[in-house]
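Worksheet for the structure shown next.
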Amino acid sequence: MGTAHVADGTAGTAYPADPAYLQSLIAQASERDLAHHPGWLALGHYRPDWYGESVHSLVDSPGFFLAGRGKYHPEAELEATLRAFFAPPVAGDGDDDAQHPQCAYKARYGWLKEELGFDPARLPEQPCPAFEEWAGTIDADAATLIFPAAYMNNPASMFGHTLLRLDRADQTEDTRILSYAVNYGAETGTDNGLLFAVLGLTGGYAGTYSVAPYHELTRRYSDIENRDIYEYRLDFTPAEVARMVEHLWEMQGQWSEYYFFDENCSYQLLFLMDVARPSLDLASAFDVHVIPVESVRAVLGREGLFQGAVFRPSGQTRIREGFDALTPEGQALARGLAEGTLAPDSPEAAALPPAGRAAAIELAQSLVTYRMETGDLARDTAADRAWTLLAARSRIDAKADLPPVETPATRPDQGHDSARFGAGLGLRDGRPFAALRLRPAYHDDLDPTGGYVPGAGIDFLAFEFRHYDDGPAITLEKLTGVGIRSMTPRTELLQPISWWLNTGIERLRVRRTAEEGALIGVFEGGAGLSYGVGERDIWSATLDMGITGGEDCDQTCSVNAGPALSLLWPVTDHASLTAKARYQLRFGEKTRDRWALRFGQSLGFGRGMAVRLEAGLADEGGGAQEELLTWVDWYF
């Protein structure tokens, strides 16, 4: 966006040519309290302060504000905006160097014009050729909310992501891939690890809006990061979509501090929809943290806004389901073509009927592209191989015998809510206890799996407290700071590594006489392989390592290593079974061992409740102790 040549809204400005009309507009705006109208607050990204007595804008770039106090005073910003609209025409208006304020703040101008009924004879409307050309390229008539599912290999994307696609009036489901989409994100550069986490948690990155062709974003999310995409069509009018586009124009070059847990991609997109239809007031639905799927639910929960959903499977999903649909001969051919050990004109290819041969070649070409995008195959090698396969496919006059990818029965927005509160009763080594737990986010192995990525889970700040009948008080049993699991099944074609990570505090019962156990800090993880034997079950084997330490350090401080086996079986979208076995050597003051067996079963009732039964047997150094626990969980 070009520079807006404006004044600062202070007294004594040389313009407008019609000061009486300006004062009349300012008086009308004040009388109607437009500075606190939801439409103006959305345009300025204003949110209430923590103590609730005033507001502040989430936009942090100074160039966004026309008044010196504009970030904290919407009244001053509105008056300065009106004053700026009376500025004389800008020479060369529309080029990259200068814009009239009516053009630089196109959405503000349009909203105030509607509210105050500008008289064009007293406030002439200025031409905005640069904006008109840009908006004409986008040519938006409708809006679709986009949700790429979780991507476990990027900490910033583990909870999913949201985009907003701007569709043209003449498009179909097949051609909407050619639309433009709005993304909000932070430029993190090459930062990773601890620095990435610290800056992302403390607002160390600048977040900005960007507009890009939708097919480029789907290539990134669907084909490179292997994320299934859900598209939610929204009932915005063409005029409301036009207001979104105007606001995007005035937000170009502006930035806000980016926070992973609240002022993130999902939250900032809500302002665009609030600008389009202020009565939605979507941004006010979130105060502490914003999880992308929760923002999707907030949007779809507004009456009349949701028009329908479309599922766009990832490249990995298409390859996996396509390979399963092939005959054994077709699978062997697809694998050989992708690996370069078979040629398209080989006897193995000629032995298949045209439809089966076409399917195997298409699948092999998709796999070659996938491996190139993920870095598993050199680009030159992949390009030559893909070209050969495309040429061979063009010579087959038959439709590929591949069924369409089945749409999941439960969409992400239909899955259980992210926060969880649970109450339970149990026995440990014959001692009865009551338990409470609270988790702000997000999903674990025994939560209902519908709408979530199979084998993937994130626990964040999950507390568990217990009170034993013969104990003195309530005790902390476990605190999971961050727990992550990514158990993706391997196939003949796709072979990801499974991994998990856990940090937090838990109790270690190294002595039977210490009934409550010792609180220890834990940092542990593991990596290995996962396989799906049936349609839904995931079997995993990992090698685990970790560090523990805490009270009674000669007993609890150690470096630990050993194997683990686990089974996750989502019987349905609402019922799951788990089984886990683990053995570790603990290297500390003495070398000890520990082992544990644990089983779980859960049954969900809608999005809001589930019951589960957990049973375990473990020896942490004080002898084998059994545990049985029943829970009722509420999701909110």
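Order determines the names: the first chain of the structure tokens is A, the second B, and so forth; residues in each chain are numbered 1 upward, and ligands are numbered 1 upward as they are shown.
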Test item: residues at most 10 Å from A:Leu508, only C-alpha atoms, excluding those fewer than 4 positions along its chain, as a ChimeraX atom specification:
/A:477,514,516-521,548-551,555-556,619-622
Would you export the selected residues with C-alpha atoms as a short mmCIF file (atom, residue, chain, number, x, y, z; two decimals), in the first residue's frame, please?
```cif
data_model
loop_
_atom_site.label_atom_id
_atom_site.label_comp_id
_atom_site.auth_asym_id
_atom_site.auth_seq_id
_atom_site.Cartn_x
_atom_site.Cartn_y
_atom_site.Cartn_z
CA GLU A 477 -0.27 -36.24 41.01
CA ALA A 514 6.53 -43.54 50.68
CA GLU A 516 2.47 -40.61 48.06
CA GLY A 517 5.73 -40.89 46.11
CA ALA A 518 8.22 -38.15 45.29
CA LEU A 519 7.50 -35.27 42.91
CA ILE A 520 10.01 -35.23 40.08
CA GLY A 521 10.63 -33.14 36.99
CA THR A 548 14.18 -37.17 35.80
CA GLY A 549 15.05 -35.54 39.10
CA GLY A 550 13.51 -34.12 42.21
CA GLU A 551 12.98 -34.89 45.88
CA GLN A 555 16.48 -42.24 44.37
CA THR A 556 14.87 -40.04 41.72
CA ASP A 619 7.02 -51.18 39.41
CA GLU A 620 9.03 -47.98 39.86
CA GLY A 621 11.43 -49.43 42.42
CA GLY A 622 9.14 -50.07 45.37
#
```
Give me the residues near A:Ala624 as a list in words, where near means some atom within 10 Å (using only C-alpha atoms) and where sequence neighbours in that chain fewer than 4 positions away do not count.
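Surrounding residues, per the criterion: Asp429, Arg512, Arg594, Trp595, Ala596, Leu617, Ala618, Asp619 and Glu620 of chain A.
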Hey, what does DSSP flag as alpha helix (DSSP H) within stretch 410-591 of chain A? Can you give it to me as a PyMOL selection string?
chain A and resi 553-556
Which value, in Å to one decimal, gives the distance between atom CA of A:Arg108 and atom CA of A:Ala121?
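Pair atom CA of A:Arg108 / atom CA of A:Ala121 returns 19.5 Å.
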Closest atom pairs, residues of stretch 395-481 of chain A within 10 Å of stretch 147-151 of chain A, only C-alpha atoms, as a Markdown table:
```
| residue | atom | partner | partner_atom | distance |
| --- | --- | --- | --- | --- |
| A:Pro412 | CA | A:Ala149 | CA | 7.8 |
| A:Asp413 | CA | A:Phe147 | CA | 9.5 |
| A:Gly451 | CA | A:Ala149 | CA | 9.3 |
| A:Tyr452 | CA | A:Ala149 | CA | 8.1 |
| A:Val453 | CA | A:Ala150 | CA | 7.1 |
| A:Ala456 | CA | A:Ala150 | CA | 8.6 |
| A:Gly457 | CA | A:Ala150 | CA | 9.6 |
```
Selected residues, N, CA, C and O atoms, written as a short mmCIF file (atom, residue, chain, number, x, y, z; two decimals), in the first residue's frame, please.
```
data_model
loop_
_atom_site.label_atom_id
_atom_site.label_comp_id
_atom_site.auth_asym_id
_atom_site.auth_seq_id
_atom_site.Cartn_x
_atom_site.Cartn_y
_atom_site.Cartn_z
N PRO A 412 -13.39 -31.69 11.77
CA PRO A 412 -12.72 -31.14 12.95
C PRO A 412 -13.64 -30.28 13.82
O PRO A 412 -13.55 -30.34 15.06
N ASP A 413 -14.52 -29.50 13.22
CA ASP A 413 -15.39 -28.65 14.02
C ASP A 413 -16.43 -29.46 14.79
O ASP A 413 -17.05 -28.97 15.73
N GLY A 451 -12.77 -36.20 14.21
CA GLY A 451 -12.35 -34.84 13.91
C GLY A 451 -10.91 -34.54 14.20
O GLY A 451 -10.43 -33.45 13.89
N TYR A 452 -10.19 -35.48 14.79
CA TYR A 452 -8.77 -35.28 15.11
C TYR A 452 -7.91 -36.22 14.28
O TYR A 452 -8.38 -37.23 13.76
N VAL A 453 -6.63 -35.89 14.17
CA VAL A 453 -5.70 -36.69 13.37
C VAL A 453 -5.40 -38.00 14.11
O VAL A 453 -4.92 -37.96 15.25
N ALA A 456 -2.26 -38.76 16.62
CA ALA A 456 -1.64 -37.50 17.02
C ALA A 456 -2.34 -36.94 18.24
O ALA A 456 -3.55 -37.07 18.39
N GLY A 457 -1.57 -36.33 19.13
CA GLY A 457 -2.16 -35.76 20.32
C GLY A 457 -1.27 -34.69 20.92
O GLY A 457 -0.04 -34.72 20.77
#
```
Rank nothing, just name the residue among A:Leu25, A:Leu476, A:Val296, A:Leu58 nearest to A:Lys113, using only C-alpha atoms.
A:Leu25
Quick one: residues within 12 Å of stretch 218-221 of chain A, only C-alpha atoms counted, chain neighbours fewer than 2 positions away excluded, as a ChimeraX atom specification?
/A:146-151,154,157,160-163,165,176-181,183,212-216,223-231,312-316,369-370,373-374
Can you work out which one of A:Glu406, A:Glu627, A:Glu31, A:Asp49 has the shortest atom-to-atom distance to A:Leu116, counting only C-alpha atoms?
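Looking at the shortest contact to A:Leu116, the residue is A:Glu31.
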May I have the residues within 8 Å of A:Glu77 as a ChimeraX atom specification, using only C-alpha atoms and disregarding those fewer than 5 positions away in the same chain?
/A:65-67,69-71
Produce a file of the selected residues containing N, CA and C atoms, as a compact mmCIF listing (two decimals), in the first residue's frame.
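After the write, selection26.txt holds the following:
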```txt
# COMPACT_ATOMS: atom_id res chain seq x y z
N PHE A 65 -1.99 4.35 12.53
CA PHE A 65 -2.82 5.31 13.24
C PHE A 65 -2.62 6.72 12.70
N LEU A 66 -3.72 7.45 12.58
CA LEU A 66 -3.68 8.83 12.11
C LEU A 66 -3.59 9.81 13.26
N ALA A 67 -4.00 9.41 14.44
CA ALA A 67 -3.90 10.24 15.63
C ALA A 67 -2.76 9.73 16.50
N ARG A 69 -2.66 9.46 19.57
CA ARG A 69 -3.20 8.63 20.65
C ARG A 69 -4.11 7.53 20.10
N GLY A 70 -4.05 7.31 18.79
CA GLY A 70 -5.01 6.43 18.15
C GLY A 70 -5.02 5.00 18.62
N LYS A 71 -3.88 4.49 19.07
CA LYS A 71 -3.82 3.10 19.51
C LYS A 71 -4.71 2.86 20.73
```
Spatial neighbours of A:Gly422, 9 Å, only C-alpha atoms, chain gap at least 4 places, as a list in words:
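Using only C-alpha atoms, the neighbours found are Ala435, Leu436, Arg437, Leu438, Arg439, Glu464, Trp631, Val632, Asp633, Trp634 and Tyr635 of chain A.
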Filtering to all heavy atoms, could you give me those residues as a CSV table (one decimal), in the first residue's frame?
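The file below, result.csv, is the result:
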```csv
chain,number,residue,atom,x,y,z
A,435,ALA,N,-10.1,-38.0,42.4
A,435,ALA,CA,-9.2,-37.3,41.5
A,435,ALA,C,-9.9,-36.2,40.7
A,435,ALA,O,-11.1,-36.4,40.3
A,435,ALA,CB,-8.4,-38.2,40.6
A,436,LEU,N,-9.2,-35.1,40.4
A,436,LEU,CA,-9.7,-34.1,39.6
A,436,LEU,C,-8.6,-33.7,38.6
A,436,LEU,O,-7.4,-33.8,38.9
A,436,LEU,CB,-10.1,-32.8,40.4
A,436,LEU,CG,-11.3,-32.9,41.3
A,436,LEU,CD1,-11.4,-31.6,42.1
A,436,LEU,CD2,-12.6,-33.2,40.6
A,437,ARG,N,-9.0,-33.3,37.4
A,437,ARG,CA,-8.0,-32.9,36.4
A,437,ARG,C,-8.6,-31.8,35.5
A,437,ARG,O,-9.8,-31.7,35.3
A,437,ARG,CB,-7.5,-34.1,35.6
A,437,ARG,CG,-8.5,-34.8,34.7
A,437,ARG,CD,-7.9,-35.9,34.0
A,437,ARG,NE,-8.9,-36.7,33.2
A,437,ARG,CZ,-8.6,-37.9,32.7
A,437,ARG,NH1,-7.4,-38.4,32.8
A,437,ARG,NH2,-9.5,-38.5,31.9
A,438,LEU,N,-7.7,-31.0,35.0
A,438,LEU,CA,-8.0,-29.9,34.2
A,438,LEU,C,-7.0,-29.7,33.1
A,438,LEU,O,-5.8,-29.8,33.3
A,438,LEU,CB,-8.1,-28.6,35.0
A,438,LEU,CG,-8.4,-27.3,34.2
A,438,LEU,CD1,-9.8,-27.4,33.6
A,438,LEU,CD2,-8.3,-26.1,35.0
A,439,ARG,N,-7.5,-29.6,31.8
A,439,ARG,CA,-6.6,-29.4,30.7
A,439,ARG,C,-7.1,-28.4,29.7
A,439,ARG,O,-8.2,-28.5,29.2
A,439,ARG,CB,-6.4,-30.7,29.9
A,439,ARG,CG,-5.4,-30.7,28.8
A,439,ARG,CD,-5.6,-31.9,27.9
A,439,ARG,NE,-6.9,-31.9,27.2
A,439,ARG,CZ,-7.4,-33.0,26.6
A,439,ARG,NH1,-6.8,-34.1,26.5
A,439,ARG,NH2,-8.6,-32.9,25.9
A,464,GLU,N,-3.4,-32.9,37.2
A,464,GLU,CA,-4.2,-34.0,37.9
A,464,GLU,C,-3.9,-33.9,39.4
A,464,GLU,O,-2.8,-33.9,39.8
A,464,GLU,CB,-3.9,-35.4,37.4
A,464,GLU,CG,-4.7,-36.5,38.1
A,464,GLU,CD,-4.3,-37.9,37.6
A,464,GLU,OE1,-3.9,-38.0,36.4
A,464,GLU,OE2,-4.5,-38.8,38.4
A,631,TRP,N,-13.1,-42.3,35.1
A,631,TRP,CA,-13.3,-40.9,34.9
A,631,TRP,C,-14.6,-40.5,34.2
A,631,TRP,O,-15.1,-41.3,33.4
A,631,TRP,CB,-12.1,-40.4,34.0
A,631,TRP,CG,-10.8,-40.3,34.6
A,631,TRP,CD1,-9.8,-41.2,34.3
A,631,TRP,CD2,-10.2,-39.3,35.4
A,631,TRP,NE1,-8.6,-40.9,35.0
A,631,TRP,CE2,-8.9,-39.7,35.7
A,631,TRP,CE3,-10.7,-38.2,36.0
A,631,TRP,CZ2,-8.0,-39.0,36.5
A,631,TRP,CZ3,-9.9,-37.4,36.8
A,631,TRP,CH2,-8.5,-37.8,37.0
A,632,VAL,N,-15.1,-39.4,34.5
A,632,VAL,CA,-16.1,-38.7,33.7
A,632,VAL,C,-15.5,-37.4,33.3
A,632,VAL,O,-15.0,-36.6,34.1
A,632,VAL,CB,-17.4,-38.4,34.5
A,632,VAL,CG1,-18.4,-37.7,33.6
A,632,VAL,CG2,-18.0,-39.8,34.9
A,633,ASP,N,-15.4,-37.2,32.0
A,633,ASP,CA,-14.7,-36.0,31.4
A,633,ASP,C,-15.8,-35.1,30.8
A,633,ASP,O,-16.7,-35.6,30.0
A,633,ASP,CB,-13.7,-36.3,30.4
A,633,ASP,CG,-12.5,-36.9,31.0
A,633,ASP,OD1,-12.1,-36.5,32.1
A,633,ASP,OD2,-11.9,-37.9,30.4
A,634,TRP,N,-15.7,-33.8,31.0
A,634,TRP,CA,-16.5,-32.8,30.3
A,634,TRP,C,-15.6,-31.9,29.5
A,634,TRP,O,-14.6,-31.4,29.9
A,634,TRP,CB,-17.3,-31.9,31.4
A,634,TRP,CG,-18.3,-32.7,32.1
A,634,TRP,CD1,-19.6,-32.9,31.8
A,634,TRP,CD2,-18.1,-33.4,33.4
A,634,TRP,NE1,-20.2,-33.7,32.8
A,634,TRP,CE2,-19.3,-34.0,33.8
A,634,TRP,CE3,-17.0,-33.6,34.2
A,634,TRP,CZ2,-19.5,-34.7,34.9
A,634,TRP,CZ3,-17.2,-34.3,35.4
A,634,TRP,CH2,-18.4,-34.9,35.7
A,635,TYR,N,-16.0,-31.7,28.2
A,635,TYR,CA,-15.3,-30.9,27.3
A,635,TYR,C,-16.0,-29.5,27.1
A,635,TYR,O,-17.2,-29.5,27.0
A,635,TYR,CB,-15.1,-31.6,26.0
A,635,TYR,CG,-14.4,-32.9,26.1
A,635,TYR,CD1,-15.1,-34.1,26.2
A,635,TYR,CD2,-13.0,-33.0,26.0
A,635,TYR,CE1,-14.5,-35.3,26.3
A,635,TYR,CE2,-12.4,-34.2,26.1
A,635,TYR,CZ,-13.1,-35.4,26.3
A,635,TYR,OH,-12.5,-36.6,26.4
```
Could you tell me, as a PyMOL selection string, which residues of stretch 159-305 of chain A DSSP assigns to strand (DSSP E) when given the backbone?
chain A and resi 163-167+180-186+205-213+229-234+256-258
